[in-house]
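File shown: protein-v3.pdb. Contents: PDB, C-alpha atoms, pLDDT in the B column.
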```
ATOM      1  CA  GLN A 108     127.251  -4.690  80.033  1.00 89.00           C
ATOM      2  CA  VAL A 109     130.574  -6.145  81.151  1.00 92.00           C
ATOM      3  CA  GLN A 110     133.195  -6.796  78.502  1.00 95.00           C
ATOM      4  CA  LEU A 111     136.574  -8.406  79.076  1.00 96.00           C
ATOM      5  CA  VAL A 112     139.191  -8.761  76.363  1.00 96.00           C
ATOM      6  CA  GLU A 113     142.406 -10.665  76.983  1.00 97.00           C
ATOM      7  CA  SER A 114     145.616 -10.223  75.035  1.00 97.00           C
ATOM      8  CA  GLY A 115     149.300 -11.005  75.346  1.00 98.00           C
ATOM      9  CA  GLY A 116     149.333 -14.744  74.849  1.00 97.00           C
ATOM     10  CA  GLY A 117     151.748 -16.480  72.526  1.00 98.00           C
ATOM     11  CA  LEU A 118     154.516 -19.017  72.136  1.00 98.00           C
ATOM     12  CA  VAL A 119     157.479 -18.838  74.496  1.00 98.00           C
ATOM     13  CA  GLN A 120     160.316 -21.133  75.482  1.00 98.00           C
ATOM     14  CA  ALA A 121     160.500 -22.658  78.923  1.00 98.00           C
ATOM     15  CA  GLY A 122     162.003 -20.190  81.364  1.00 98.00           C
ATOM     16  CA  GLY A 123     160.649 -17.228  79.450  1.00 98.00           C
ATOM     17  CA  SER A 124     158.071 -14.625  80.369  1.00 98.00           C
ATOM     18  CA  LEU A 125     154.763 -13.277  79.110  1.00 98.00           C
ATOM     19  CA  ARG A 126     152.423 -10.596  80.362  1.00 98.00           C
ATOM     20  CA  LEU A 127     148.735 -11.072  79.815  1.00 98.00           C
ATOM     21  CA  SER A 128     146.347  -8.129  79.779  1.00 98.00           C
ATOM     22  CA  CYS A 129     142.615  -7.999  80.316  1.00 97.00           C
ATOM     23  CA  ALA A 130     140.912  -4.813  79.170  1.00 97.00           C
ATOM     24  CA  ALA A 131     137.717  -4.363  81.139  1.00 95.00           C
ATOM     25  CA  SER A 132     134.591  -2.277  80.830  1.00 92.00           C
ATOM     26  CA  GLY A 133     131.309  -2.256  82.700  1.00 90.00           C
ATOM     27  CA  ARG A 134     132.595  -3.401  86.094  1.00 86.00           C
ATOM     28  CA  THR A 135     135.019  -1.687  88.421  1.00 85.00           C
ATOM     29  CA  PHE A 136     138.223  -2.947  90.012  1.00 88.00           C
ATOM     30  CA  THR A 137     137.292  -1.161  93.215  1.00 88.00           C
ATOM     31  CA  SER A 138     134.119  -3.124  93.932  1.00 91.00           C
ATOM     32  CA  TYR A 139     134.696  -6.649  92.615  1.00 93.00           C
ATOM     33  CA  ASN A 140     137.338  -9.308  92.973  1.00 95.00           C
ATOM     34  CA  TRP A 141     139.083 -10.302  89.749  1.00 96.00           C
ATOM     35  CA  GLY A 142     140.814 -13.477  88.736  1.00 97.00           C
ATOM     36  CA  TRP A 143     142.761 -15.399  86.138  1.00 98.00           C
ATOM     37  CA  PHE A 144     141.947 -18.991  85.255  1.00 98.00           C
ATOM     38  CA  ARG A 145     143.351 -21.425  82.724  1.00 98.00           C
ATOM     39  CA  GLN A 146     142.093 -24.440  80.864  1.00 98.00           C
ATOM     40  CA  THR A 147     143.601 -27.260  78.828  1.00 98.00           C
ATOM     41  CA  PRO A 148     141.697 -29.566  76.473  1.00 96.00           C
ATOM     42  CA  GLY A 149     139.595 -32.113  78.304  1.00 96.00           C
ATOM     43  CA  ASN A 150     140.124 -30.490  81.685  1.00 97.00           C
ATOM     44  CA  GLU A 151     138.113 -28.161  83.855  1.00 96.00           C
ATOM     45  CA  ARG A 152     138.984 -24.520  84.151  1.00 97.00           C
ATOM     46  CA  GLU A 153     141.384 -24.029  87.054  1.00 98.00           C
ATOM     47  CA  PHE A 154     142.181 -21.111  89.298  1.00 98.00           C
ATOM     48  CA  VAL A 155     145.481 -19.308  88.710  1.00 98.00           C
ATOM     49  CA  ALA A 156     145.384 -16.002  90.600  1.00 98.00           C
ATOM     50  CA  ALA A 157     143.003 -13.448  92.074  1.00 97.00           C
ATOM     51  CA  LEU A 158     143.083  -9.859  93.230  1.00 96.00           C
ATOM     52  CA  LYS A 159     140.889  -8.448  95.973  1.00 94.00           C
ATOM     53  CA  TRP A 160     138.740  -5.408  95.249  1.00 91.00           C
ATOM     54  CA  SER A 161     140.255  -3.401  98.100  1.00 89.00           C
ATOM     55  CA  GLY A 162     143.941  -2.880  98.690  1.00 83.00           C
ATOM     56  CA  ASN A 163     146.315  -5.144  96.809  1.00 85.00           C
ATOM     57  CA  ALA A 164     145.781  -8.564  98.374  1.00 93.00           C
ATOM     58  CA  GLN A 165     146.789 -11.280  95.911  1.00 96.00           C
ATOM     59  CA  TYR A 166     145.986 -14.980  95.890  1.00 97.00           C
ATOM     60  CA  TYR A 167     147.709 -17.692  93.858  1.00 98.00           C
ATOM     61  CA  ALA A 168     147.460 -21.339  93.032  1.00 98.00           C
ATOM     62  CA  ASP A 169     150.356 -23.280  94.511  1.00 98.00           C
ATOM     63  CA  SER A 170     151.508 -24.236  91.037  1.00 98.00           C
ATOM     64  CA  VAL A 171     152.238 -20.615  90.052  1.00 98.00           C
ATOM     65  CA  LYS A 172     153.138 -19.026  93.381  1.00 98.00           C
ATOM     66  CA  GLY A 173     156.450 -17.192  93.148  1.00 98.00           C
ATOM     67  CA  ARG A 174     156.373 -17.162  89.345  1.00 98.00           C
ATOM     68  CA  PHE A 175     153.180 -15.272  88.434  1.00 98.00           C
ATOM     69  CA  THR A 176     152.031 -11.842  89.572  1.00 98.00           C
ATOM     70  CA  ILE A 177     148.521 -10.443  89.274  1.00 97.00           C
ATOM     71  CA  SER A 178     148.023  -6.689  89.211  1.00 96.00           C
ATOM     72  CA  LYS A 179     145.675  -4.008  87.970  1.00 95.00           C
ATOM     73  CA  SER A 180     145.739  -0.510  86.553  1.00 94.00           C
ATOM     74  CA  ILE A 181     142.637   1.405  87.527  1.00 92.00           C
ATOM     75  CA  PRO A 182     143.308   4.342  85.165  1.00 93.00           C
ATOM     76  CA  LYS A 183     143.687   1.903  82.283  1.00 94.00           C
ATOM     77  CA  ASP A 184     140.834  -0.406  83.375  1.00 94.00           C
ATOM     78  CA  THR A 185     143.181  -3.323  82.834  1.00 96.00           C
ATOM     79  CA  LEU A 186     144.031  -6.477  84.749  1.00 97.00           C
ATOM     80  CA  TYR A 187     147.442  -8.063  84.239  1.00 98.00           C
ATOM     81  CA  LEU A 188     149.107 -11.394  84.784  1.00 98.00           C
ATOM     82  CA  GLN A 189     152.891 -11.311  84.666  1.00 98.00           C
ATOM     83  CA  MET A 190     154.156 -14.830  84.075  1.00 98.00           C
ATOM     84  CA  ASP A 191     157.837 -15.570  84.655  1.00 98.00           C
ATOM     85  CA  SER A 192     159.869 -18.779  84.663  1.00 98.00           C
ATOM     86  CA  LEU A 193     157.264 -20.377  82.462  1.00 98.00           C
ATOM     87  CA  LYS A 194     157.051 -24.155  82.259  1.00 98.00           C
ATOM     88  CA  PRO A 195     155.548 -26.412  79.587  1.00 98.00           C
ATOM     89  CA  GLU A 196     152.803 -27.339  82.048  1.00 98.00           C
ATOM     90  CA  ASP A 197     151.676 -23.703  82.027  1.00 98.00           C
ATOM     91  CA  THR A 198     150.463 -24.216  78.460  1.00 98.00           C
ATOM     92  CA  ALA A 199     146.737 -23.447  78.408  1.00 98.00           C
ATOM     93  CA  ILE A 200     144.100 -20.951  77.392  1.00 98.00           C
ATOM     94  CA  TYR A 201     144.062 -18.188  79.982  1.00 98.00           C
ATOM     95  CA  PHE A 202     140.878 -16.343  80.949  1.00 98.00           C
ATOM     96  CA  CYS A 203     140.267 -13.285  83.051  1.00 98.00           C
ATOM     97  CA  ALA A 204     137.048 -13.074  85.026  1.00 97.00           C
ATOM     98  CA  THR A 205     135.231 -11.051  87.633  1.00 96.00           C
ATOM     99  CA  GLU A 206     133.118 -12.326  90.500  1.00 94.00           C
ATOM    100  CA  SER A 207     129.360 -12.201  90.446  1.00 90.00           C
ATOM    101  CA  SER A 208     129.021 -10.409  93.803  1.00 89.00           C
ATOM    102  CA  HIS A 209     130.752  -7.245  94.856  1.00 90.00           C
ATOM    103  CA  TYR A 210     132.635  -6.489  98.066  1.00 90.00           C
ATOM    104  CA  ARG A 211     133.371 -10.140  98.851  1.00 89.00           C
ATOM    105  CA  ASN A 212     135.881 -10.408 101.654  1.00 90.00           C
ATOM    106  CA  ASN A 213     138.141 -12.947  99.959  1.00 90.00           C
ATOM    107  CA  PRO A 214     138.339 -13.859  96.262  1.00 93.00           C
ATOM    108  CA  ARG A 215     136.889 -17.217  95.358  1.00 94.00           C
ATOM    109  CA  ARG A 216     138.779 -19.960  93.525  1.00 96.00           C
ATOM    110  CA  LEU A 217     135.934 -21.717  91.764  1.00 96.00           C
ATOM    111  CA  PRO A 218     134.804 -20.718  88.266  1.00 97.00           C
ATOM    112  CA  LYS A 219     131.152 -20.903  89.346  1.00 96.00           C
ATOM    113  CA  ASP A 220     131.651 -17.820  91.528  1.00 95.00           C
ATOM    114  CA  TYR A 221     132.627 -15.713  88.493  1.00 96.00           C
ATOM    115  CA  ASP A 222     129.951 -14.544  86.092  1.00 94.00           C
ATOM    116  CA  CYS A 223     131.826 -12.501  83.511  1.00 95.00           C
ATOM    117  CA  TRP A 224     134.599 -13.951  81.370  1.00 97.00           C
ATOM    118  CA  GLY A 225     136.835 -12.935  78.534  1.00 97.00           C
ATOM    119  CA  GLN A 226     137.277 -14.988  75.392  1.00 97.00           C
ATOM    120  CA  GLY A 227     140.667 -16.330  76.461  1.00 97.00           C
ATOM    121  CA  THR A 228     144.194 -16.084  75.134  1.00 98.00           C
ATOM    122  CA  GLN A 229     146.416 -19.038  74.270  1.00 98.00           C
ATOM    123  CA  VAL A 230     149.741 -19.481  76.053  1.00 98.00           C
ATOM    124  CA  THR A 231     152.088 -22.153  74.738  1.00 98.00           C
ATOM    125  CA  VAL A 232     155.373 -22.945  76.470  1.00 98.00           C
ATOM    126  CA  SER A 233     157.817 -25.099  74.546  1.00 98.00           C
ATOM    127  CA  SER A 234     160.410 -27.281  76.236  1.00 94.00           C
TER     128      SER A 234
END
```

Could I get this structure in the form of structure tokens?
Amino acid sequence: QVQLVESGGGLVQAGGSLRLSCAASGRTFTSYNWGWFRQTPGNEREFVAALKWSGNAQYYADSVKGRFTISKSIPKDTLYLQMDSLKPEDTAIYFCATESSHYRNNPRRLPKDYDCWGQGTQVTVSS
């Protein structure tokens, strides 16, 4: 059974930083692509960043490119999202997720391609 638990959210001023963590069990970082998504009330969940199962290839939404960094620690079974230069429009609930199929060549950007999700962690950026 796959379990994902996010942590690290909170309230931060614009321009500040947060690091989100996603503790994972039941699915490996070396076989599946992993991603971060976010969601605001009344809106669909949107892609933020993804990490390929092999190597360290990273993929980002245009809105966060250059400010956010996705990474993983295999010994700690943890996925991270380092968020710098935060903006009020980054306010959302952030979710980590893992794709439903293993060894995909490129990470997907649609929530429907991910079958395991954490409970989410709230990030609020004040202006």

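When the PyMOL selection byres ((chain A and resi 168) around 7) is evaluated against the file, it yields Phe154, Val155, Ala156, Tyr167, Asp169, Ser170, Val171 and Lys172 of chain A.
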
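Among the candidates A:Ser207, A:Phe202, A:Lys179, A:Ala164, the residue lying nearest to Trp143 in chain A is A:Phe202 (atoms considered: all atoms listed in the file).
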
Can you spell out as a count of residues only the set of residues that the PyMOL selection byres ((chain A and resi 212) around 12) selects in the structure I just provided? 17

Pull out every residue that the PyMOL selection byres ((chain A and resi 186) around 9) matches in the shown coordinates and put them as a PyMOL selection string. chain A and resi 113+127-131+136+141-142+177-181+183-185+187-188+203

Record the distance separating CA of Thr205 in chain A and CA of Val230 in chain A, expressed in Å with one decimal. 20.4 Å

Between CA of Gln110 in chain A and CA of Asn163 in chain A, what is the distance, to one decimal in Å? 22.6 Å
